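Containing PDB, C-alpha atoms: target.pdb.
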```
ATOM      1  CA  MET A   1     116.451 112.099  79.024
ATOM      2  CA  SER A   2     115.572 111.545  75.403
ATOM      3  CA  GLU A   3     111.941 112.553  75.652
ATOM      4  CA  ALA A   4     110.923 116.203  75.889
ATOM      5  CA  PRO A   5     108.441 117.326  78.558
ATOM      6  CA  TYR A   6     104.833 117.714  77.534
ATOM      7  CA  LYS A   7     104.100 120.843  75.490
ATOM      8  CA  ARG A   8     100.290 120.826  75.364
ATOM      9  CA  PRO A   9      99.015 119.913  78.848
ATOM     10  CA  ALA A  10      95.410 119.837  80.008
ATOM     11  CA  ILE A  11      94.000 119.458  83.504
ATOM     12  CA  ALA A  12      90.463 118.144  84.053
ATOM     13  CA  GLY A  13      88.852 119.346  87.258
ATOM     14  CA  SER A  14      87.941 122.500  89.124
ATOM     15  CA  GLY A  15      89.164 121.909  92.673
ATOM     16  CA  ALA A  16      92.247 123.189  94.452
ATOM     17  CA  ILE A  17      94.563 120.483  93.092
ATOM     18  CA  ALA A  18      93.391 120.922  89.484
ATOM     19  CA  CYS A  19      93.639 124.710  89.596
ATOM     20  CA  GLY A  20      97.027 124.672  91.318
ATOM     21  CA  LEU A  21      98.441 122.184  88.827
ATOM     22  CA  ALA A  22      97.055 124.137  85.870
ATOM     23  CA  ALA A  23      98.625 127.332  87.186
ATOM     24  CA  THR A  24     101.951 125.557  87.681
ATOM     25  CA  ALA A  25     101.826 124.110  84.156
ATOM     26  CA  THR A  26     101.617 127.618  82.671
ATOM     27  CA  THR A  27     105.261 128.113  83.671
ATOM     28  CA  THR A  28     106.258 125.958  80.704
ATOM     29  CA  ALA A  29     103.359 125.815  78.237
ATOM     30  CA  SER A  30      99.925 126.997  77.192
ATOM     31  CA  THR A  31      97.575 124.983  79.421
ATOM     32  CA  LEU A  32      93.945 123.905  79.151
ATOM     33  CA  LEU A  33      91.792 123.647  82.263
ATOM     34  CA  ILE A  34      88.618 121.711  81.526
ATOM     35  CA  ALA A  35      85.653 122.031  83.873
ATOM     36  CA  ARG A  36      82.307 120.261  83.988
ATOM     37  CA  SER A  37      80.038 123.308  83.712
ATOM     38  CA  ASP A  38      80.133 127.018  82.960
ATOM     39  CA  ALA A  39      79.735 127.820  86.662
ATOM     40  CA  SER A  40      82.615 125.587  87.725
ATOM     41  CA  ALA A  41      84.718 126.889  84.825
ATOM     42  CA  TRP A  42      84.282 130.464  86.034
ATOM     43  CA  ARG A  43      85.265 129.532  89.599
ATOM     44  CA  ALA A  44      88.191 127.420  88.417
ATOM     45  CA  GLU A  45      89.565 130.196  86.217
ATOM     46  CA  GLU A  46      89.413 132.656  89.094
ATOM     47  CA  GLN A  47      91.203 130.223  91.409
ATOM     48  CA  ALA A  48      93.870 129.267  88.858
ATOM     49  CA  VAL A  49      94.621 132.886  87.961
ATOM     50  CA  ALA A  50      95.016 133.671  91.662
ATOM     51  CA  ALA A  51      97.402 130.715  91.988
ATOM     52  CA  CYS A  52      99.491 132.020  89.078
ATOM     53  CA  ALA A  53     100.302 135.102  91.151
ATOM     54  CA  LYS A  54     102.026 132.853  93.709
ATOM     55  CA  ILE A  55     104.223 130.955  91.227
ATOM     56  CA  GLU A  56     107.388 132.380  89.731
ATOM     57  CA  GLY A  57     107.142 132.229  85.950
ATOM     58  CA  ALA A  58     103.438 131.349  85.845
ATOM     59  CA  ASP A  59     101.507 133.195  83.140
ATOM     60  CA  PRO A  60      97.708 133.502  83.380
ATOM     61  CA  GLY A  61      97.750 134.501  79.712
ATOM     62  CA  ARG A  62      98.728 130.890  78.964
ATOM     63  CA  LEU A  63      95.701 129.528  80.822
ATOM     64  CA  HIS A  64      92.632 128.618  78.766
ATOM     65  CA  VAL A  65      89.479 127.330  80.446
ATOM     66  CA  THR A  66      86.938 125.215  78.572
ATOM     67  CA  THR A  67      83.997 122.889  79.119
ATOM     68  CA  ASP A  68      84.321 121.221  75.699
ATOM     69  CA  GLU A  69      86.271 117.939  75.695
ATOM     70  CA  ALA A  70      86.760 118.306  71.922
ATOM     71  CA  ASP A  71      89.290 121.041  72.737
ATOM     72  CA  LEU A  72      91.641 118.322  74.034
ATOM     73  CA  ALA A  73      92.268 116.815  70.588
ATOM     74  CA  ASP A  74      95.843 118.127  70.236
ATOM     75  CA  CYS A  75      96.946 117.733  73.868
ATOM     76  CA  ASP A  76      99.906 115.484  74.681
ATOM     77  CA  ILE A  77      99.096 115.044  78.399
ATOM     78  CA  VAL A  78      95.680 115.144  80.097
ATOM     79  CA  VAL A  79      95.557 114.960  83.897
ATOM     80  CA  GLU A  80      92.379 113.991  85.728
ATOM     81  CA  SER A  81      91.852 115.650  89.108
ATOM     82  CA  VAL A  82      88.330 114.977  90.350
ATOM     83  CA  ILE A  83      86.592 113.298  93.277
ATOM     84  CA  GLU A  84      88.318 110.249  94.797
ATOM     85  CA  GLU A  85      85.902 107.636  93.436
ATOM     86  CA  MET A  86      86.951 104.817  91.112
ATOM     87  CA  ASP A  87      83.897 104.912  88.844
ATOM     88  CA  VAL A  88      83.989 108.687  88.439
ATOM     89  CA  LYS A  89      87.696 108.762  87.645
ATOM     90  CA  SER A  90      87.690 105.806  85.264
ATOM     91  CA  ARG A  91      84.668 107.042  83.293
ATOM     92  CA  LEU A  92      86.139 110.517  82.954
ATOM     93  CA  LEU A  93      89.541 109.180  81.888
ATOM     94  CA  SER A  94      87.856 106.978  79.297
ATOM     95  CA  ARG A  95      86.261 110.057  77.720
ATOM     96  CA  LEU A  96      89.421 112.133  78.024
ATOM     97  CA  GLY A  97      91.455 109.405  76.361
ATOM     98  CA  ASP A  98      89.007 109.225  73.474
ATOM     99  CA  ALA A  99      89.002 113.020  73.109
ATOM    100  CA  ALA A 100      92.818 113.200  73.127
ATOM    101  CA  PRO A 101      93.918 110.077  71.216
ATOM    102  CA  GLY A 102      97.595 111.058  71.114
ATOM    103  CA  ALA A 103      97.897 112.084  74.757
ATOM    104  CA  HIS A 104      99.320 110.377  77.778
ATOM    105  CA  LEU A 105      96.824 110.285  80.652
ATOM    106  CA  ALA A 106      97.417 110.834  84.355
ATOM    107  CA  THR A 107      95.367 110.548  87.508
ATOM    108  CA  THR A 108      96.017 112.535  90.672
ATOM    109  CA  THR A 109      94.486 109.830  92.851
ATOM    110  CA  SER A 110      95.877 109.736  96.354
ATOM    111  CA  SER A 111      94.449 106.374  97.422
ATOM    112  CA  LEU A 112      93.090 104.285  94.524
ATOM    113  CA  PRO A 113      95.102 101.624  92.634
ATOM    114  CA  VAL A 114      96.480 103.213  89.463
ATOM    115  CA  GLY A 115      96.557  99.895  87.628
ATOM    116  CA  ASP A 116      92.848  99.380  88.271
ATOM    117  CA  ILE A 117      92.026 102.882  87.015
ATOM    118  CA  ALA A 118      94.137 102.244  83.903
ATOM    119  CA  GLU A 119      92.318  99.000  83.096
ATOM    120  CA  ARG A 120      88.852 100.369  83.791
ATOM    121  CA  CYS A 121      89.317 103.494  81.682
ATOM    122  CA  GLY A 122      90.326 101.422  78.669
ATOM    123  CA  HIS A 123      93.685 103.143  78.069
ATOM    124  CA  PRO A 124      96.129 101.059  80.145
ATOM    125  CA  ASP A 125      99.074 101.698  77.836
ATOM    126  CA  ARG A 126      99.173 105.457  78.371
ATOM    127  CA  LEU A 127      97.999 106.141  81.942
ATOM    128  CA  PHE A 128     100.131 106.799  85.030
ATOM    129  CA  GLY A 129      99.685 108.120  88.552
ATOM    130  CA  LEU A 130     100.681 111.746  89.193
ATOM    131  CA  HIS A 131     100.038 112.442  92.873
ATOM    132  CA  VAL A 132     100.722 116.103  93.570
ATOM    133  CA  PHE A 133     100.206 117.716  96.962
ATOM    134  CA  ASN A 134      98.110 120.661  98.086
ATOM    135  CA  PRO A 135      98.941 123.525  97.804
ATOM    136  CA  VAL A 136     100.490 122.570  94.460
ATOM    137  CA  PRO A 137     102.366 125.867  93.964
ATOM    138  CA  ARG A 138     104.361 125.299  97.177
ATOM    139  CA  MET A 139     104.659 121.537  97.558
ATOM    140  CA  LYS A 140     107.667 120.111  95.715
ATOM    141  CA  LEU A 141     106.985 116.373  95.828
ATOM    142  CA  VAL A 142     105.209 114.378  93.126
ATOM    143  CA  GLU A 143     104.591 110.672  93.674
ATOM    144  CA  LEU A 144     104.753 108.959  90.270
ATOM    145  CA  CYS A 145     103.285 105.507  89.738
ATOM    146  CA  PHE A 146     103.652 103.593  86.461
ATOM    147  CA  PRO A 147     101.449 100.520  85.923
ATOM    148  CA  ASP A 148     102.984  97.512  84.191
ATOM    149  CA  ARG A 149     101.141  98.128  80.927
ATOM    150  CA  ALA A 150     102.201 101.763  80.494
ATOM    151  CA  ASN A 151     104.222 102.479  77.340
ATOM    152  CA  GLY A 152     107.971 102.862  77.701
ATOM    153  CA  ASP A 153     108.006 106.567  76.854
ATOM    154  CA  VAL A 154     105.414 107.433  79.532
ATOM    155  CA  ARG A 155     107.990 107.236  82.327
ATOM    156  CA  GLU A 156     110.637 109.406  80.651
ATOM    157  CA  ARG A 157     108.225 112.150  79.627
ATOM    158  CA  ALA A 158     106.467 112.205  83.002
ATOM    159  CA  LEU A 159     109.778 112.544  84.834
ATOM    160  CA  ALA A 160     110.920 115.267  82.435
ATOM    161  CA  TRP A 161     107.652 117.171  82.882
ATOM    162  CA  CYS A 162     107.875 117.084  86.679
ATOM    163  CA  ALA A 163     111.434 118.395  86.509
ATOM    164  CA  SER A 164     110.396 121.187  84.131
ATOM    165  CA  LEU A 165     107.709 122.225  86.641
ATOM    166  CA  GLY A 166     110.279 122.465  89.419
ATOM    167  CA  LYS A 167     108.991 119.368  91.212
ATOM    168  CA  THR A 168     110.877 116.443  92.716
ATOM    169  CA  ALA A 169     109.436 113.174  91.437
ATOM    170  CA  VAL A 170     109.717 109.927  93.373
ATOM    171  CA  GLU A 171     108.584 106.661  91.810
ATOM    172  CA  VAL A 172     106.366 104.747  94.226
ATOM    173  CA  PRO A 173     104.696 101.311  94.248
ATOM    174  CA  ASP A 174     101.067 100.932  93.193
ATOM    175  CA  GLN A 175      99.641 100.537  96.671
ATOM    176  CA  ALA A 176      96.765 102.461  98.221
ATOM    177  CA  GLY A 177      98.063 105.783  99.540
ATOM    178  CA  PHE A 178     101.427 105.293  97.817
ATOM    179  CA  VAL A 179     104.022 106.315 100.445
ATOM    180  CA  VAL A 180     103.009 109.653 101.964
ATOM    181  CA  ASN A 181      99.348 108.968 102.710
ATOM    182  CA  ARG A 182      99.977 105.392 103.765
ATOM    183  CA  LEU A 183     102.309 106.669 106.479
ATOM    184  CA  LEU A 184     100.557 109.967 107.202
ATOM    185  CA  PHE A 185      96.947 108.979 107.804
ATOM    186  CA  PRO A 186      97.486 106.602 110.736
ATOM    187  CA  TYR A 187      99.147 109.562 112.488
ATOM    188  CA  LEU A 188      96.305 111.952 111.599
ATOM    189  CA  PHE A 189      93.642 109.484 112.683
ATOM    190  CA  ASP A 190      95.464 108.741 115.936
ATOM    191  CA  ALA A 191      95.374 112.459 116.730
ATOM    192  CA  VAL A 192      91.565 112.342 116.436
ATOM    193  CA  ARG A 193      91.419 109.306 118.703
ATOM    194  CA  MET A 194      93.629 111.099 121.240
ATOM    195  CA  LEU A 195      91.245 114.052 121.156
ATOM    196  CA  GLU A 196      88.353 111.733 121.951
ATOM    197  CA  ARG A 197      90.275 109.760 124.577
ATOM    198  CA  THR A 198      91.745 112.666 126.547
ATOM    199  CA  GLY A 199      89.285 115.522 126.145
ATOM    200  CA  MET A 200      92.076 117.822 124.943
ATOM    201  CA  SER A 201      91.164 120.617 122.527
ATOM    202  CA  ALA A 202      92.200 120.550 118.886
ATOM    203  CA  GLY A 203      94.451 123.538 119.499
ATOM    204  CA  GLU A 204      96.241 121.807 122.369
ATOM    205  CA  VAL A 205      96.933 118.655 120.357
ATOM    206  CA  ASP A 206      98.145 120.670 117.384
ATOM    207  CA  SER A 207     100.360 122.893 119.539
ATOM    208  CA  CYS A 208     102.104 119.810 120.915
ATOM    209  CA  MET A 209     103.010 118.679 117.401
ATOM    210  CA  THR A 210     103.948 122.069 115.964
ATOM    211  CA  LEU A 211     105.963 123.249 118.965
ATOM    212  CA  GLY A 212     107.238 119.892 120.206
ATOM    213  CA  ALA A 213     107.813 117.983 116.972
ATOM    214  CA  GLY A 214     108.470 120.915 114.662
ATOM    215  CA  HIS A 215     105.623 120.076 112.300
ATOM    216  CA  PRO A 216     104.526 123.061 110.154
ATOM    217  CA  MET A 217     100.856 122.253 110.799
ATOM    218  CA  GLY A 218      99.165 120.228 113.517
ATOM    219  CA  PRO A 219      97.359 117.001 112.567
ATOM    220  CA  LEU A 220      93.841 118.289 113.189
ATOM    221  CA  ALA A 221      94.417 121.529 111.301
ATOM    222  CA  LEU A 222      95.884 119.421 108.491
ATOM    223  CA  LEU A 223      92.773 117.232 108.382
ATOM    224  CA  ASP A 224      90.652 120.381 108.076
ATOM    225  CA  PHE A 225      92.929 121.567 105.270
ATOM    226  CA  VAL A 226      92.710 118.253 103.389
ATOM    227  CA  GLY A 227      88.937 118.048 103.892
ATOM    228  CA  LEU A 228      87.341 115.558 106.268
ATOM    229  CA  ASP A 229      85.362 113.953 103.458
ATOM    230  CA  VAL A 230      88.561 113.445 101.473
ATOM    231  CA  ALA A 231      90.297 112.075 104.581
ATOM    232  CA  GLN A 232      87.449 109.630 105.130
ATOM    233  CA  ALA A 233      87.631 108.414 101.517
ATOM    234  CA  ILE A 234      91.406 108.000 101.701
ATOM    235  CA  GLY A 235      91.170 106.132 104.997
ATOM    236  CA  GLU A 236      88.503 103.768 103.693
ATOM    237  CA  ALA A 237      90.592 102.990 100.604
ATOM    238  CA  LEU A 238      93.673 102.401 102.762
ATOM    239  CA  ARG A 239      91.776 100.108 105.154
ATOM    240  CA  GLU A 240      90.330  98.080 102.277
ATOM    241  CA  ASP A 241      93.815  97.615 100.819
ATOM    242  CA  SER A 242      95.813  97.015 103.984
ATOM    243  CA  GLY A 243      93.298  95.574 106.420
ATOM    244  CA  GLU A 244      95.004  97.572 109.163
ATOM    245  CA  ALA A 245      92.872  99.142 111.907
ATOM    246  CA  ALA A 246      95.134 102.210 111.915
ATOM    247  CA  HIS A 247      93.805 103.112 108.467
ATOM    248  CA  GLN A 248      90.138 103.063 109.538
ATOM    249  CA  PRO A 249      88.682 106.604 109.725
ATOM    250  CA  PRO A 250      87.670 107.432 113.311
ATOM    251  CA  ASP A 251      83.955 107.581 114.083
ATOM    252  CA  ARG A 252      84.286 111.266 114.887
ATOM    253  CA  ILE A 253      85.406 112.063 111.335
ATOM    254  CA  ILE A 254      82.534 110.023 109.872
ATOM    255  CA  GLU A 255      80.064 111.841 112.129
ATOM    256  CA  MET A 256      81.438 115.270 111.208
ATOM    257  CA  VAL A 257      81.236 114.481 107.497
ATOM    258  CA  GLY A 258      77.609 113.431 107.994
ATOM    259  CA  GLN A 259      76.966 116.804 109.631
ATOM    260  CA  GLY A 260      78.530 118.666 106.698
ATOM    261  CA  LYS A 261      81.565 119.719 108.745
ATOM    262  CA  LEU A 262      84.249 119.122 106.136
ATOM    263  CA  GLY A 263      86.971 121.476 107.370
ATOM    264  CA  ARG A 264      88.110 124.730 105.821
ATOM    265  CA  LYS A 265      86.074 124.384 102.641
ATOM    266  CA  SER A 266      82.786 124.172 104.584
ATOM    267  CA  GLY A 267      83.713 126.751 107.226
ATOM    268  CA  ALA A 268      83.812 124.256 110.093
ATOM    269  CA  GLY A 269      85.691 121.124 111.088
ATOM    270  CA  PHE A 270      87.931 120.672 114.101
ATOM    271  CA  TYR A 271      88.154 124.479 113.949
ATOM    272  CA  ASP A 272      85.664 127.175 112.927
ATOM    273  CA  TYR A 273      86.626 129.240 109.860
ATOM    274  CA  ASP A 274      83.763 131.756 109.661
TER     275      ASP A 274
END
```
Kindly return the structure encoded in the file as structure tokens.
Amino acid sequence: MSEAPYKRPAIAGSGAIACGLAATATTTASTLLIARSDASAWRAEEQAVAACAKIEGADPGRLHVTTDEADLADCDIVVESVIEEMDVKSRLLSRLGDAAPGAHLATTTSSLPVGDIAERCGHPDRLFGLHVFNPVPRMKLVELCFPDRANGDVRERALAWCASLGKTAVEVPDQAGFVVNRLLFPYLFDAVRMLERTGMSAGEVDSCMTLGAGHPMGPLALLDFVGLDVAQAIGEALREDSGEAAHQPPDRIIEMVGQGKLGRKSGAGFYDYD
């Protein structure tokens, strides 16, 4: 490839995906992690440094945490990794693009149309989809999505960057859920419906799929890991795009989210984590 990977990356966000990606990026370059507040910056730095310990070649000394978007001025790639809401993502990417005028922009959305985000943020020529998977240090796949209006060099540099991070990039169409989530969530949601229909326990359903199908994690444990609120948002976006009933989040997930049972991050979901 003619284009070199990015040399001055920045990640905007303070969740597991943002911190894992920032830690991974330190394997190749000094990396900025930009958080919304001092409190979230402190938590994000702690999480990213811990992630560095799990990644060969990661260097916490290359990680720099900030809350000041002006620090992005010299970055050549800025990745947004915040809540899965169109307005939130597009507004943030608009600011990030203004703060880093020479940078390519990426969104880690897992369910929203990348082309729509690109148009709404006002930087359609330099934005692409970079869907990494949690936990980022371990998961090798990156789904890359390039809208029609993205500049020609965006594709080459994005592919080169993924390769430099030790990831396998697959170019996917700009459809809600790309490939993995579009195929995965009907299966996860059907496991919830089976739970309701049969009266089986979460552990019994998961054991069938781990021991019988060789899956590394059962569907209900995986939903807890993803976060039930995130799963609901992904399902709603998929249903709106596809119109398929299989993409509709089950009532049980909606009820649990309303009760604050979000999975591992809240201490309770289909399993208790206290």
Checklist line | Contact residues around region 257-269 of chain A with only C-alpha atoms at 8 Å, ignoring same-chain residues under 3 positions, as number ranges by chain | finding: A: 223-229, 253-254, 272-274
Check: Which residues come within 9 Å of Glu240 (chain A), counting all atoms listed in the file, excluding same-chain residues fewer than 6 positions away, as number ranges by chain?
Finding: A: 176, 247-248
Taking the file above as input, evaluate the PyMOL selection byres ((chain A and resi 126) around 12) and report the hits as a PDB file with C-alpha atoms, in the coordinates of the input.
```pdb
ATOM      1  CA  ASP A  76      99.906 115.484  74.681  1.00  0.00           C
ATOM      2  CA  ILE A  77      99.096 115.044  78.399  1.00  0.00           C
ATOM      3  CA  VAL A  78      95.680 115.144  80.097  1.00  0.00           C
ATOM      4  CA  VAL A  79      95.557 114.960  83.897  1.00  0.00           C
ATOM      5  CA  LEU A  93      89.541 109.180  81.888  1.00  0.00           C
ATOM      6  CA  SER A  94      87.856 106.978  79.297  1.00  0.00           C
ATOM      7  CA  LEU A  96      89.421 112.133  78.024  1.00  0.00           C
ATOM      8  CA  GLY A  97      91.455 109.405  76.361  1.00  0.00           C
ATOM      9  CA  ASP A  98      89.007 109.225  73.474  1.00  0.00           C
ATOM     10  CA  ALA A 100      92.818 113.200  73.127  1.00  0.00           C
ATOM     11  CA  PRO A 101      93.918 110.077  71.216  1.00  0.00           C
ATOM     12  CA  GLY A 102      97.595 111.058  71.114  1.00  0.00           C
ATOM     13  CA  ALA A 103      97.897 112.084  74.757  1.00  0.00           C
ATOM     14  CA  HIS A 104      99.320 110.377  77.778  1.00  0.00           C
ATOM     15  CA  LEU A 105      96.824 110.285  80.652  1.00  0.00           C
ATOM     16  CA  ALA A 106      97.417 110.834  84.355  1.00  0.00           C
ATOM     17  CA  THR A 107      95.367 110.548  87.508  1.00  0.00           C
ATOM     18  CA  VAL A 114      96.480 103.213  89.463  1.00  0.00           C
ATOM     19  CA  GLY A 115      96.557  99.895  87.628  1.00  0.00           C
ATOM     20  CA  ILE A 117      92.026 102.882  87.015  1.00  0.00           C
ATOM     21  CA  ALA A 118      94.137 102.244  83.903  1.00  0.00           C
ATOM     22  CA  GLU A 119      92.318  99.000  83.096  1.00  0.00           C
ATOM     23  CA  CYS A 121      89.317 103.494  81.682  1.00  0.00           C
ATOM     24  CA  GLY A 122      90.326 101.422  78.669  1.00  0.00           C
ATOM     25  CA  HIS A 123      93.685 103.143  78.069  1.00  0.00           C
ATOM     26  CA  PRO A 124      96.129 101.059  80.145  1.00  0.00           C
ATOM     27  CA  ASP A 125      99.074 101.698  77.836  1.00  0.00           C
ATOM     28  CA  LEU A 127      97.999 106.141  81.942  1.00  0.00           C
ATOM     29  CA  PHE A 128     100.131 106.799  85.030  1.00  0.00           C
ATOM     30  CA  GLY A 129      99.685 108.120  88.552  1.00  0.00           C
ATOM     31  CA  PHE A 146     103.652 103.593  86.461  1.00  0.00           C
ATOM     32  CA  PRO A 147     101.449 100.520  85.923  1.00  0.00           C
ATOM     33  CA  ASP A 148     102.984  97.512  84.191  1.00  0.00           C
ATOM     34  CA  ARG A 149     101.141  98.128  80.927  1.00  0.00           C
ATOM     35  CA  ALA A 150     102.201 101.763  80.494  1.00  0.00           C
ATOM     36  CA  ASN A 151     104.222 102.479  77.340  1.00  0.00           C
ATOM     37  CA  GLY A 152     107.971 102.862  77.701  1.00  0.00           C
ATOM     38  CA  ASP A 153     108.006 106.567  76.854  1.00  0.00           C
ATOM     39  CA  VAL A 154     105.414 107.433  79.532  1.00  0.00           C
ATOM     40  CA  ARG A 155     107.990 107.236  82.327  1.00  0.00           C
ATOM     41  CA  ARG A 157     108.225 112.150  79.627  1.00  0.00           C
ATOM     42  CA  ALA A 158     106.467 112.205  83.002  1.00  0.00           C
TER      43      ALA A 158
END
```
Item checked: Close residues, His64 (chain A) itself excluded, 7 Å, all atoms listed in the file, min 2 positions apart in chain, as a ChimeraX atom specification -> /A:31-33,62,66
Expected file: the selected residues, C-alpha atoms, as a CSV table (one decimal), keeping the file's coordinate frame:
```
chain,number,residue,atom,x,y,z
A,31,THR,CA,97.6,125.0,79.4
A,32,LEU,CA,93.9,123.9,79.2
A,33,LEU,CA,91.8,123.6,82.3
A,62,ARG,CA,98.7,130.9,79.0
A,66,THR,CA,86.9,125.2,78.6
```
Checklist line | Nearest to Ala231 (chain A), chosen from A:Val192, A:Ile34, A:Ala41, A:Ala10, with all atoms listed in the file counted in the distances | finding: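 Looking only at the distances to Ala231 (chain A), the closest residue turns out to be A:Val192.
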Notebook entry, point to check: From the list A:Lys140, A:Arg120, A:Lys54, A:Arg239, which residue is nearest Leu165 (chain A) when using all atoms listed in the file?
Noted result: A:Lys140
Item checked: Residue nearest Leu92 (chain A) among A:Ile11, A:Leu130, A:Arg43, A:Ala202 (counting only C-alpha atoms) ->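 The answer is A:Ile11, which sits nearest to Leu92 (chain A).
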So for region 231-245 of chain A, what box centre and size do we get, axis-aligned, 6 Å extra on each of the six sides, every listed atom, Å to one decimal, as lines of an AutoDock Vina configuration file?
```
center_x = 91.6
center_y = 103.8
center_z = 106.3
size_x = 20.4
size_y = 28.5
size_z = 23.3
```
Next item on the list: Rank nothing, just name the residue among A:Leu220, A:Ala73, A:Ala39, A:Val136 nearest to Ala23 (chain A), using all atoms listed in the file.
Entry: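 Going through A:Leu220, A:Ala73, A:Ala39, A:Val136 one by one, the smallest distance to Ala23 (chain A) is for A:Val136.
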Check: Which residue, A:Ala191, A:Ala12, A:Ala48, A:Leu183, has the smallest gap to Cys208 (chain A) when you use all atoms listed in the file?
Finding: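 Ranked by minimum distance to Cys208 (chain A), first place goes to A:Ala191.
CA of Glu69 (chain A) lies 28.4 Å from CA of Ala169 (chain A).
Atom to atom, CA of Gly235 (chain A) and CA of Thr108 (chain A) stand 16.4 Å apart.
Minimum distance to Arg138 (chain A) across A:Leu21, A:Ala35, A:Leu159, A:Met86 (counting only C-alpha atoms) occurs at A:Leu21.
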Long-range neighbours of Ala50 (chain A) as an mmCIF file with C-alpha atoms, keeping the file's coordinate frame, 10 Å cut-off, only C-alpha atoms, 3 positions minimum in chain:
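Everything below was put into result00.cif:
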```cif
data_model
loop_
_atom_site.group_PDB
_atom_site.id
_atom_site.type_symbol
_atom_site.label_atom_id
_atom_site.label_comp_id
_atom_site.auth_asym_id
_atom_site.auth_seq_id
_atom_site.Cartn_x
_atom_site.Cartn_y
_atom_site.Cartn_z
ATOM 1 C CA CYS A 19 93.639 124.710 89.596
ATOM 2 C CA GLY A 20 97.027 124.672 91.318
ATOM 3 C CA ALA A 23 98.625 127.332 87.186
ATOM 4 C CA ALA A 44 88.191 127.420 88.417
ATOM 5 C CA GLU A 45 89.565 130.196 86.217
ATOM 6 C CA GLU A 46 89.413 132.656 89.094
ATOM 7 C CA GLN A 47 91.203 130.223 91.409
ATOM 8 C CA ALA A 53 100.302 135.102 91.151
ATOM 9 C CA LYS A 54 102.026 132.853 93.709
ATOM 10 C CA ILE A 55 104.223 130.955 91.227
ATOM 11 C CA PRO A 60 97.708 133.502 83.380
#
```
Next item on the list: Enter the distance from CA of Thr168 (chain A) to CA of Asn181 (chain A), in Å, rounded to one decimal.
Entry: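 These two atoms are separated by 17.0 Å.
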Using all atoms listed in the file - which residues lie no farther than 7 Å from the point (101.4, 114.8, 99.6) in the file's frame? Write them as an mmCIF file with C-alpha atoms, keeping the file's coordinate frame.
```cif
data_model
loop_
_atom_site.group_PDB
_atom_site.id
_atom_site.type_symbol
_atom_site.label_atom_id
_atom_site.label_comp_id
_atom_site.auth_asym_id
_atom_site.auth_seq_id
_atom_site.Cartn_x
_atom_site.Cartn_y
_atom_site.Cartn_z
ATOM 1 C CA VAL A 132 100.722 116.103 93.570
ATOM 2 C CA PHE A 133 100.206 117.716 96.962
ATOM 3 C CA ASN A 134 98.110 120.661 98.086
ATOM 4 C CA LEU A 141 106.985 116.373 95.828
ATOM 5 C CA VAL A 180 103.009 109.653 101.964
ATOM 6 C CA ASN A 181 99.348 108.968 102.710
#
```
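By chain and then residue number, the residues within 10 Å of Glu56 (chain A) are Thr24, Thr27, Cys52 and Pro137 of chain A, counting all atoms listed in the file and disregarding those fewer than 4 positions away in sequence.
Residues matched by the PyMOL selection byres ((chain A and resi 143) around 6) in this file: His131, Val142, Leu144, Ala169, Val170 and Glu171 of chain A.
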Any chance you could turn region 66-79 of chain A into a file with C-alpha atoms, as a short mmCIF file (atom, residue, chain, number, x, y, z; two decimals), in the first residue's frame?
```cif
data_model
loop_
_atom_site.label_atom_id
_atom_site.label_comp_id
_atom_site.auth_asym_id
_atom_site.auth_seq_id
_atom_site.Cartn_x
_atom_site.Cartn_y
_atom_site.Cartn_z
CA THR A 66 -7.03 14.86 27.80
CA THR A 67 -10.37 16.64 28.02
CA ASP A 68 -9.33 19.48 25.69
CA GLU A 69 -10.38 19.03 22.05
CA ALA A 70 -7.76 21.62 21.04
CA ASP A 71 -5.15 18.93 21.73
CA LEU A 72 -6.36 17.11 18.60
CA ALA A 73 -5.04 19.76 16.20
CA ASP A 74 -2.12 17.67 14.88
CA CYS A 75 -3.83 14.26 14.85
CA ASP A 76 -4.15 12.37 11.57
CA ILE A 77 -6.96 10.02 12.71
CA VAL A 78 -9.66 10.66 15.33
CA VAL A 79 -11.98 7.79 16.25
#
```
